[in-house]
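One structure is given here, and the rest of the page talks about it.
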Amino acid sequence: MLDEILLLTNGPGELSTWVPPVLSRLRQRVPQARVELFLIRDQFAAGTEALKARELPLEALSGRRAFLRRLVAGRARGRGLVLMLGGAPRDAVWLGRATGYPAFAYTFDPKAFHPGLRAVLVDSERTRRAMMAQGADPSRVAVVGNLVVDALCEAQPYPSLEVDVLLFAGSRPFAARYMLGFLLAAAERMALERPQLRFAWVRSRLLPEAVVAEALEAREVRALGGVGARWEGDRLRTEGGLEVQVLDENLRYSAMRQAHLALTLPGTNTLELALARLPSLVLLPLHKPELLPLEGVLHWLLRLPGTGPLKRHLVWRLASQIPFLALPNQWLGEAVFPELRGAFTPDEVARAGLGLLSRGPEVRARLERLQAEPGADNLVAHLLLCEVR
């Protein structure tokens, strides 16, 4: 039996949707194993993931320094495995080689195959075929299912939430500082047309209080049309007088099932919204493109002094070349969720949101084509089967 399980993850989306269902199954199947989670944060992380990870049933929660120490500590004496649930596959491979444990990775990304992994576990046959087209070894790729479905199915039921439109300003501080005031302004404009609409901001637990306070002041976003808000008990009152509920993120799945529209940024939550069959408007504002993180070494090179104009140009160019931002749009090959990208205004967001509200039944019907099955049980069964061979 396993003595140790080493998990790796990197960002808020994976930590919220991938890690919990897998961890719960591992605890059921191998209760004697020591489980350690390494948070290998990158430029896409919120920086406060450890706050949420401390709520998980772990023997140890570690960061990059502990990860590096483990790489040079020598081979482990017992039996174990390494599982990457978000991040760079090479990190799982390095840790596997250092400990002598087999290394696995779960991914939606067809480009995430690494020959040093014992197996790559993917969400669907679609991802597997795309990975094969990239030259992956077929014997090392297995379809186990979609962990986001597990997260949705296992969400605790909550009483009725009186909400029509959900606002997702992101879990990363740099995004929330700008997007909350921007989304509140769009909500005000929507309410002018449809006064009966009820709005709620789904607040990420990863946002520190200081960041929320900055976002509500809206100093950074006023020039873009954003508005501030003040607390009234457990709700917000915008400068234009609109009341907005504030929902803790543990209510997000219940809210998704009851609302009629979401305004959101690109990310894992676009898949959550799609699987909950909630029509959503996906926003990539490029008013300040220099704030956006980039993939790979480019991110770090373009942080050097004087590279701001080059990064702005590059981000605009890259954004124009991406066919679809939202995961469900990528998977279905069409803009089921409408997308706005560029230097748009809250008025444009409001108009697009109201238009999408009127097309709700059509969008929900198109989302039915997004077939996905739970994956946590299959994933853990595959790990344990490989481990005993």
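Ligands are numbered from 1 in the order shown, chains are lettered A, B, ... in the order of the structure tokens, and residues start at 1 in each chain.
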
Name the residues in contact with Val221 (chain A) at a cut-off of 10 Å, using only C-alpha atoms, excluding same-chain residues fewer than 6 positions from it; report them as a ChimeraX atom specification. /A:177-182,215,227-228,287

Write the residues of the selection above to a file with C-alpha atoms, as a PDB file, in the first residue's frame.
```pdb
ATOM      1  CA  ARG A 177      -9.024  45.749  -8.345  1.00  0.00           C
ATOM      2  CA  TYR A 178     -10.161  46.686 -11.845  1.00  0.00           C
ATOM      3  CA  MET A 179     -13.010  44.359 -12.647  1.00  0.00           C
ATOM      4  CA  LEU A 180     -15.238  44.745  -9.584  1.00  0.00           C
ATOM      5  CA  GLY A 181     -15.900  48.453 -10.158  1.00  0.00           C
ATOM      6  CA  PHE A 182     -16.248  47.829 -13.888  1.00  0.00           C
ATOM      7  CA  ALA A 215     -11.704  47.484  -5.483  1.00  0.00           C
ATOM      8  CA  VAL A 227     -17.987  52.879 -10.057  1.00  0.00           C
ATOM      9  CA  GLY A 228     -17.343  52.392  -6.369  1.00  0.00           C
ATOM     10  CA  HIS A 287      -7.517  48.757 -21.207  1.00  0.00           C
TER      11      HIS A 287
END
```

Which polymer residues have any atom within 8 Å of an atom of region 18-29 of chain A, counting only C-alpha atoms, with same-chain residues fewer than 2 positions away left out, as a ChimeraX atom specification? /A:9,13-16,31,33,56-57,85,147-148,150-151,376-377,379-380

Write out as a tab-separated table (two decimals) with N, CA and C atoms, in the first residue's frame the residues lying within 12 Å of Leu117 (chain A), counting only C-alpha atoms and excluding same-chain residues fewer than 4 positions away.
```
chain	number	residue	atom	x	y	z
A	81	LEU	N	3.43	8.05	-4.72
A	81	LEU	CA	3.21	8.53	-6.09
A	81	LEU	C	3.14	10.04	-6.08
A	82	VAL	N	3.34	10.60	-7.25
A	82	VAL	CA	3.26	12.05	-7.47
A	82	VAL	C	2.12	12.30	-8.44
A	83	LEU	N	1.26	13.28	-8.13
A	83	LEU	CA	0.15	13.61	-9.01
A	83	LEU	C	0.09	15.11	-9.19
A	84	MET	N	0.18	15.57	-10.43
A	84	MET	CA	0.05	16.98	-10.75
A	84	MET	C	-1.41	17.29	-11.07
A	88	ALA	N	3.06	22.79	-14.29
A	88	ALA	CA	3.96	22.32	-15.35
A	88	ALA	C	4.26	20.84	-15.14
A	89	PRO	N	4.02	19.99	-16.14
A	89	PRO	CA	4.29	18.56	-15.99
A	89	PRO	C	5.72	18.26	-15.58
A	90	ARG	N	6.66	19.11	-15.98
A	90	ARG	CA	8.06	18.85	-15.63
A	90	ARG	C	8.26	18.82	-14.11
A	91	ASP	N	7.49	19.62	-13.36
A	91	ASP	CA	7.63	19.63	-11.91
A	91	ASP	C	7.28	18.27	-11.33
A	92	ALA	N	6.20	17.65	-11.85
A	92	ALA	CA	5.83	16.31	-11.39
A	92	ALA	C	6.90	15.29	-11.76
A	93	VAL	N	7.46	15.43	-12.96
A	93	VAL	CA	8.51	14.51	-13.41
A	93	VAL	C	9.74	14.64	-12.53
A	94	TRP	N	10.17	15.87	-12.25
A	94	TRP	CA	11.34	16.08	-11.40
A	94	TRP	C	11.13	15.49	-10.00
A	95	LEU	N	9.95	15.72	-9.45
A	95	LEU	CA	9.68	15.22	-8.10
A	95	LEU	C	9.62	13.69	-8.10
A	96	GLY	N	9.07	13.12	-9.16
A	96	GLY	CA	9.04	11.68	-9.27
A	96	GLY	C	10.43	11.08	-9.35
A	97	ARG	N	11.29	11.69	-10.14
A	97	ARG	CA	12.66	11.19	-10.26
A	97	ARG	C	13.42	11.33	-8.94
A	101	TYR	N	9.25	7.86	-7.00
A	101	TYR	CA	7.83	7.56	-7.15
A	101	TYR	C	7.39	7.72	-8.61
A	102	PRO	N	6.41	6.95	-9.07
A	102	PRO	CA	5.85	7.21	-10.39
A	102	PRO	C	5.09	8.54	-10.38
A	103	ALA	N	5.18	9.26	-11.48
A	103	ALA	CA	4.56	10.58	-11.58
A	103	ALA	C	3.42	10.56	-12.58
A	104	PHE	N	2.31	11.20	-12.22
A	104	PHE	CA	1.12	11.28	-13.05
A	104	PHE	C	0.70	12.75	-13.16
A	105	ALA	N	-0.12	13.04	-14.17
A	105	ALA	CA	-0.67	14.39	-14.31
A	105	ALA	C	-2.09	14.29	-14.82
A	106	TYR	N	-2.93	15.20	-14.32
A	106	TYR	CA	-4.29	15.34	-14.85
A	106	TYR	C	-4.36	16.67	-15.57
A	112	ALA	N	0.09	19.10	-22.70
A	112	ALA	CA	0.69	18.85	-21.39
A	112	ALA	C	1.28	17.45	-21.24
A	113	PHE	N	1.45	16.72	-22.33
A	113	PHE	CA	2.10	15.41	-22.23
A	113	PHE	C	3.59	15.58	-21.97
A	121	LEU	N	-3.59	11.69	-17.39
A	121	LEU	CA	-5.01	11.41	-17.24
A	121	LEU	C	-5.78	12.63	-17.71
A	136	ALA	N	1.83	12.31	-28.57
A	136	ALA	CA	1.92	11.63	-27.29
A	136	ALA	C	1.85	10.11	-27.47
A	137	ASP	N	2.46	9.39	-26.54
A	137	ASP	CA	2.43	7.93	-26.53
A	137	ASP	C	1.02	7.48	-26.12
A	139	SER	N	-0.20	4.74	-25.14
A	139	SER	CA	-0.28	3.85	-23.98
A	139	SER	C	-0.17	4.60	-22.67
A	140	ARG	N	0.20	5.88	-22.73
A	140	ARG	CA	0.37	6.66	-21.51
A	140	ARG	C	-0.68	7.76	-21.34
A	141	VAL	N	-1.73	7.69	-22.11
A	141	VAL	CA	-2.81	8.68	-21.99
A	141	VAL	C	-4.11	7.93	-21.74
A	386	CYS	N	-2.18	1.45	-11.41
A	386	CYS	CA	-0.82	1.62	-11.91
A	386	CYS	C	0.19	1.38	-10.81
```

Which polymer residues have any atom within 10 Å of an atom of Thr99 (chain A), counting only C-alpha atoms, with same-chain residues fewer than 4 positions away left out, as a PyMOL selection string? chain A and resi 6+70-82+94-95+103

Find the nearest atom pair between each residue of region 88-187 of chain A and region 261-265 of chain A for residues within 10 Å, count only C-alpha atoms, give distances in Å to one decimal, sort rows by chain and ascending number, and present the table as CSV.
```
residue,atom,partner,partner_atom,distance
A:Val163,CA,A:Leu261,CA,9.4
A:Asp164,CA,A:Leu261,CA,6.4
A:Val165,CA,A:Leu261,CA,4.8
A:Leu166,CA,A:Ala262,CA,4.6
A:Leu167,CA,A:Leu263,CA,5.1
A:Phe168,CA,A:Thr264,CA,4.8
A:Ala169,CA,A:Thr264,CA,6.5
A:Gly170,CA,A:Leu265,CA,6.7
A:Ala175,CA,A:Leu265,CA,9.0
A:Met179,CA,A:Leu265,CA,8.8
A:Leu183,CA,A:Leu263,CA,7.6
A:Ala186,CA,A:Leu263,CA,9.3
A:Ala187,CA,A:Leu263,CA,9.4
```

Residues of region 66-174 of chain A in helix (DSSP H, G or I), written as a ChimeraX atom specification: /A:66-71,89-99,125-133,138-140,147-153,173-174

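Within the 12 Å cut-off around Leu275 (chain A), using only C-alpha atoms and omitting residues fewer than 6 positions from it on the same chain, the listed residues are Asn146, Leu147, Val148, Val149, Asp150, Ala151, Leu152, Cys153, Tyr253, Met256, Arg257, Thr268, Asn269, Leu327, Pro328, Arg364, Ala365, Arg366, Leu367, Glu368, Arg369, Leu370, Gln371, Ala372, Glu373 and Pro374 of chain A.
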
How would the residues just picked look written out with N, CA and C atoms as an mmCIF file, in the first residue's frame?
```cif
data_model
loop_
_atom_site.group_PDB
_atom_site.id
_atom_site.type_symbol
_atom_site.label_atom_id
_atom_site.label_comp_id
_atom_site.auth_asym_id
_atom_site.auth_seq_id
_atom_site.Cartn_x
_atom_site.Cartn_y
_atom_site.Cartn_z
ATOM 1 N N ASN A 146 -14.112 14.345 -16.100
ATOM 2 C CA ASN A 146 -13.932 15.767 -15.834
ATOM 3 C C ASN A 146 -14.128 16.063 -14.349
ATOM 4 N N LEU A 147 -13.068 16.506 -13.688
ATOM 5 C CA LEU A 147 -13.127 16.764 -12.254
ATOM 6 C C LEU A 147 -14.027 17.942 -11.896
ATOM 7 N N VAL A 148 -14.257 18.841 -12.834
ATOM 8 C CA VAL A 148 -15.177 19.951 -12.552
ATOM 9 C C VAL A 148 -16.592 19.419 -12.345
ATOM 10 N N VAL A 149 -16.965 18.357 -13.042
ATOM 11 C CA VAL A 149 -18.267 17.745 -12.838
ATOM 12 C C VAL A 149 -18.379 17.211 -11.418
ATOM 13 N N ASP A 150 -17.312 16.596 -10.919
ATOM 14 C CA ASP A 150 -17.318 16.116 -9.535
ATOM 15 C C ASP A 150 -17.536 17.261 -8.564
ATOM 16 N N ALA A 151 -16.815 18.363 -8.795
ATOM 17 C CA ALA A 151 -16.960 19.514 -7.902
ATOM 18 C C ALA A 151 -18.389 20.045 -7.913
ATOM 19 N N LEU A 152 -19.005 20.106 -9.088
ATOM 20 C CA LEU A 152 -20.388 20.576 -9.184
ATOM 21 C C LEU A 152 -21.356 19.614 -8.490
ATOM 22 N N CYS A 153 -21.175 18.330 -8.704
ATOM 23 C CA CYS A 153 -22.093 17.340 -8.141
ATOM 24 C C CYS A 153 -21.998 17.267 -6.625
ATOM 25 N N TYR A 253 -21.964 27.390 -6.771
ATOM 26 C CA TYR A 253 -22.636 26.396 -7.600
ATOM 27 C C TYR A 253 -24.150 26.483 -7.453
ATOM 28 N N MET A 256 -25.125 29.471 -9.466
ATOM 29 C CA MET A 256 -25.082 29.208 -10.901
ATOM 30 C C MET A 256 -26.333 28.484 -11.380
ATOM 31 N N ARG A 257 -26.849 27.587 -10.555
ATOM 32 C CA ARG A 257 -28.020 26.810 -10.961
ATOM 33 C C ARG A 257 -29.306 27.627 -10.904
ATOM 34 N N THR A 268 -11.164 28.760 -15.466
ATOM 35 C CA THR A 268 -11.839 27.493 -15.173
ATOM 36 C C THR A 268 -13.316 27.699 -14.897
ATOM 37 N N ASN A 269 -13.676 28.866 -14.323
ATOM 38 C CA ASN A 269 -15.076 29.051 -13.964
ATOM 39 C C ASN A 269 -15.985 29.135 -15.199
ATOM 40 N N LEU A 327 -13.445 28.195 -22.084
ATOM 41 C CA LEU A 327 -13.222 26.761 -22.298
ATOM 42 C C LEU A 327 -14.385 26.093 -23.032
ATOM 43 N N PRO A 328 -15.650 26.354 -22.664
ATOM 44 C CA PRO A 328 -16.727 25.694 -23.426
ATOM 45 C C PRO A 328 -16.757 26.101 -24.891
ATOM 46 N N ARG A 364 -28.810 27.714 -23.351
ATOM 47 C CA ARG A 364 -28.852 26.505 -22.523
ATOM 48 C C ARG A 364 -28.977 25.256 -23.398
ATOM 49 N N ALA A 365 -29.758 25.351 -24.447
ATOM 50 C CA ALA A 365 -29.912 24.206 -25.350
ATOM 51 C C ALA A 365 -28.592 23.878 -26.041
ATOM 52 N N ARG A 366 -27.860 24.889 -26.442
ATOM 53 C CA ARG A 366 -26.562 24.658 -27.101
ATOM 54 C C ARG A 366 -25.545 24.077 -26.121
ATOM 55 N N LEU A 367 -25.653 24.459 -24.848
ATOM 56 C CA LEU A 367 -24.729 23.938 -23.841
ATOM 57 C C LEU A 367 -24.966 22.457 -23.553
ATOM 58 N N GLU A 368 -26.142 21.939 -23.900
ATOM 59 C CA GLU A 368 -26.415 20.519 -23.697
ATOM 60 C C GLU A 368 -25.460 19.646 -24.502
ATOM 61 N N ARG A 369 -24.871 20.215 -25.550
ATOM 62 C CA ARG A 369 -23.910 19.449 -26.357
ATOM 63 C C ARG A 369 -22.597 19.256 -25.632
ATOM 64 N N LEU A 370 -22.384 19.980 -24.550
ATOM 65 C CA LEU A 370 -21.131 19.885 -23.806
ATOM 66 C C LEU A 370 -21.228 18.696 -22.846
ATOM 67 N N GLN A 371 -20.926 17.536 -23.351
ATOM 68 C CA GLN A 371 -21.021 16.320 -22.557
ATOM 69 C C GLN A 371 -19.773 16.151 -21.698
ATOM 70 N N ALA A 372 -19.976 15.851 -20.420
ATOM 71 C CA ALA A 372 -18.851 15.645 -19.510
ATOM 72 C C ALA A 372 -19.276 14.694 -18.409
ATOM 73 N N GLU A 373 -18.385 13.804 -18.027
ATOM 74 C CA GLU A 373 -18.662 12.811 -16.996
ATOM 75 C C GLU A 373 -17.748 13.037 -15.799
ATOM 76 N N PRO A 374 -18.186 12.666 -14.587
ATOM 77 C CA PRO A 374 -17.313 12.771 -13.409
ATOM 78 C C PRO A 374 -16.035 11.977 -13.591
#
```

Between CA of Val30 (chain A) and CA of Arg205 (chain A), what is the distance in Å, rounded to a tenth? 29.5 Å

Step one, run DSSP on the backbone; step two, keep only residues of region 14-69 of chain A assigned to strand (DSSP E or B); then write them as number ranges by chain. A: 34-39, 60-62

CA of Thr238 (chain A) and CA of Arg189 (chain A) are how many Å apart?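 These atoms are spaced 11.6 Å apart.
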
How far is it from CA of Thr107 (chain A) to CA of Gly87 (chain A), in Å with one decimal? 9.1 Å

What's the 12 Å shell around Pro138 (chain A), counting only C-alpha atoms, without same-chain residues fewer than 2 positions away, as a PyMOL selection string? chain A and resi 113+115+118-121+125+128-136+140-143

Generate a file of the selected residues that holds N, CA and C atoms, formatted as an mmCIF file, in the first residue's frame.
```cif
data_model
loop_
_atom_site.group_PDB
_atom_site.id
_atom_site.type_symbol
_atom_site.label_atom_id
_atom_site.label_comp_id
_atom_site.auth_asym_id
_atom_site.auth_seq_id
_atom_site.Cartn_x
_atom_site.Cartn_y
_atom_site.Cartn_z
ATOM 1 N N PHE A 113 1.454 16.721 -22.331
ATOM 2 C CA PHE A 113 2.103 15.406 -22.232
ATOM 3 C C PHE A 113 3.588 15.576 -21.973
ATOM 4 N N PRO A 115 7.058 12.831 -21.559
ATOM 5 C CA PRO A 115 7.462 11.419 -21.610
ATOM 6 C C PRO A 115 7.926 10.869 -20.271
ATOM 7 N N ARG A 118 4.364 8.614 -15.806
ATOM 8 C CA ARG A 118 3.862 7.257 -15.956
ATOM 9 C C ARG A 118 2.597 7.261 -16.804
ATOM 10 N N ALA A 119 1.733 8.267 -16.567
ATOM 11 C CA ALA A 119 0.517 8.396 -17.370
ATOM 12 C C ALA A 119 0.004 9.821 -17.263
ATOM 13 N N VAL A 120 -0.652 10.247 -18.340
ATOM 14 C CA VAL A 120 -1.371 11.519 -18.340
ATOM 15 C C VAL A 120 -2.853 11.184 -18.359
ATOM 16 N N LEU A 121 -3.591 11.688 -17.392
ATOM 17 C CA LEU A 121 -5.007 11.410 -17.237
ATOM 18 C C LEU A 121 -5.782 12.631 -17.714
ATOM 19 N N GLU A 125 -12.310 12.126 -24.408
ATOM 20 C CA GLU A 125 -11.735 11.560 -25.617
ATOM 21 C C GLU A 125 -11.262 12.663 -26.549
ATOM 22 N N ARG A 128 -7.854 13.546 -25.455
ATOM 23 C CA ARG A 128 -6.944 12.444 -25.781
ATOM 24 C C ARG A 128 -6.573 12.462 -27.262
ATOM 25 N N ARG A 129 -7.564 12.654 -28.141
ATOM 26 C CA ARG A 129 -7.276 12.693 -29.574
ATOM 27 C C ARG A 129 -6.335 13.850 -29.906
ATOM 28 N N ALA A 130 -6.582 14.997 -29.300
ATOM 29 C CA ALA A 130 -5.718 16.151 -29.554
ATOM 30 C C ALA A 130 -4.303 15.897 -29.052
ATOM 31 N N MET A 131 -4.184 15.189 -27.941
ATOM 32 C CA MET A 131 -2.859 14.867 -27.405
ATOM 33 C C MET A 131 -2.137 13.883 -28.327
ATOM 34 N N MET A 132 -2.876 12.930 -28.882
ATOM 35 C CA MET A 132 -2.283 11.992 -29.839
ATOM 36 C C MET A 132 -1.763 12.745 -31.061
ATOM 37 N N ALA A 133 -2.515 13.748 -31.497
ATOM 38 C CA ALA A 133 -2.094 14.533 -32.660
ATOM 39 C C ALA A 133 -0.813 15.307 -32.379
ATOM 40 N N GLN A 134 -0.538 15.561 -31.088
ATOM 41 C CA GLN A 134 0.695 16.244 -30.709
ATOM 42 C C GLN A 134 1.879 15.281 -30.590
ATOM 43 N N GLY A 135 1.616 13.976 -30.804
ATOM 44 C CA GLY A 135 2.697 12.995 -30.764
ATOM 45 C C GLY A 135 2.844 12.248 -29.456
ATOM 46 N N ALA A 136 1.833 12.314 -28.574
ATOM 47 C CA ALA A 136 1.921 11.625 -27.292
ATOM 48 C C ALA A 136 1.853 10.110 -27.472
ATOM 49 N N ARG A 140 0.200 5.882 -22.733
ATOM 50 C CA ARG A 140 0.374 6.664 -21.507
ATOM 51 C C ARG A 140 -0.680 7.756 -21.337
ATOM 52 N N VAL A 141 -1.733 7.691 -22.109
ATOM 53 C CA VAL A 141 -2.807 8.680 -21.995
ATOM 54 C C VAL A 141 -4.112 7.927 -21.737
ATOM 55 N N ALA A 142 -4.805 8.311 -20.669
ATOM 56 C CA ALA A 142 -6.053 7.640 -20.307
ATOM 57 C C ALA A 142 -7.137 8.671 -20.018
ATOM 58 N N VAL A 143 -8.329 8.399 -20.529
ATOM 59 C CA VAL A 143 -9.486 9.261 -20.253
ATOM 60 C C VAL A 143 -10.118 8.813 -18.942
#
```

Please provide the set of residues having any atom within 10 Å of Tyr158 (chain A), restricted to only C-alpha atoms, with same-chain residues fewer than 5 positions apart removed, written as a list of chain:residue names. A:Asn250, A:Leu251, A:Tyr253, A:Ser254, A:Ala255

Choose the residue, out of A:Arg277, A:His382, A:Arg359, A:Arg126, that has the smallest atom-to-atom separation from Trp331 (chain A); count only C-alpha atoms.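 Among the listed residues, A:Arg126 lies closest to Trp331 (chain A).
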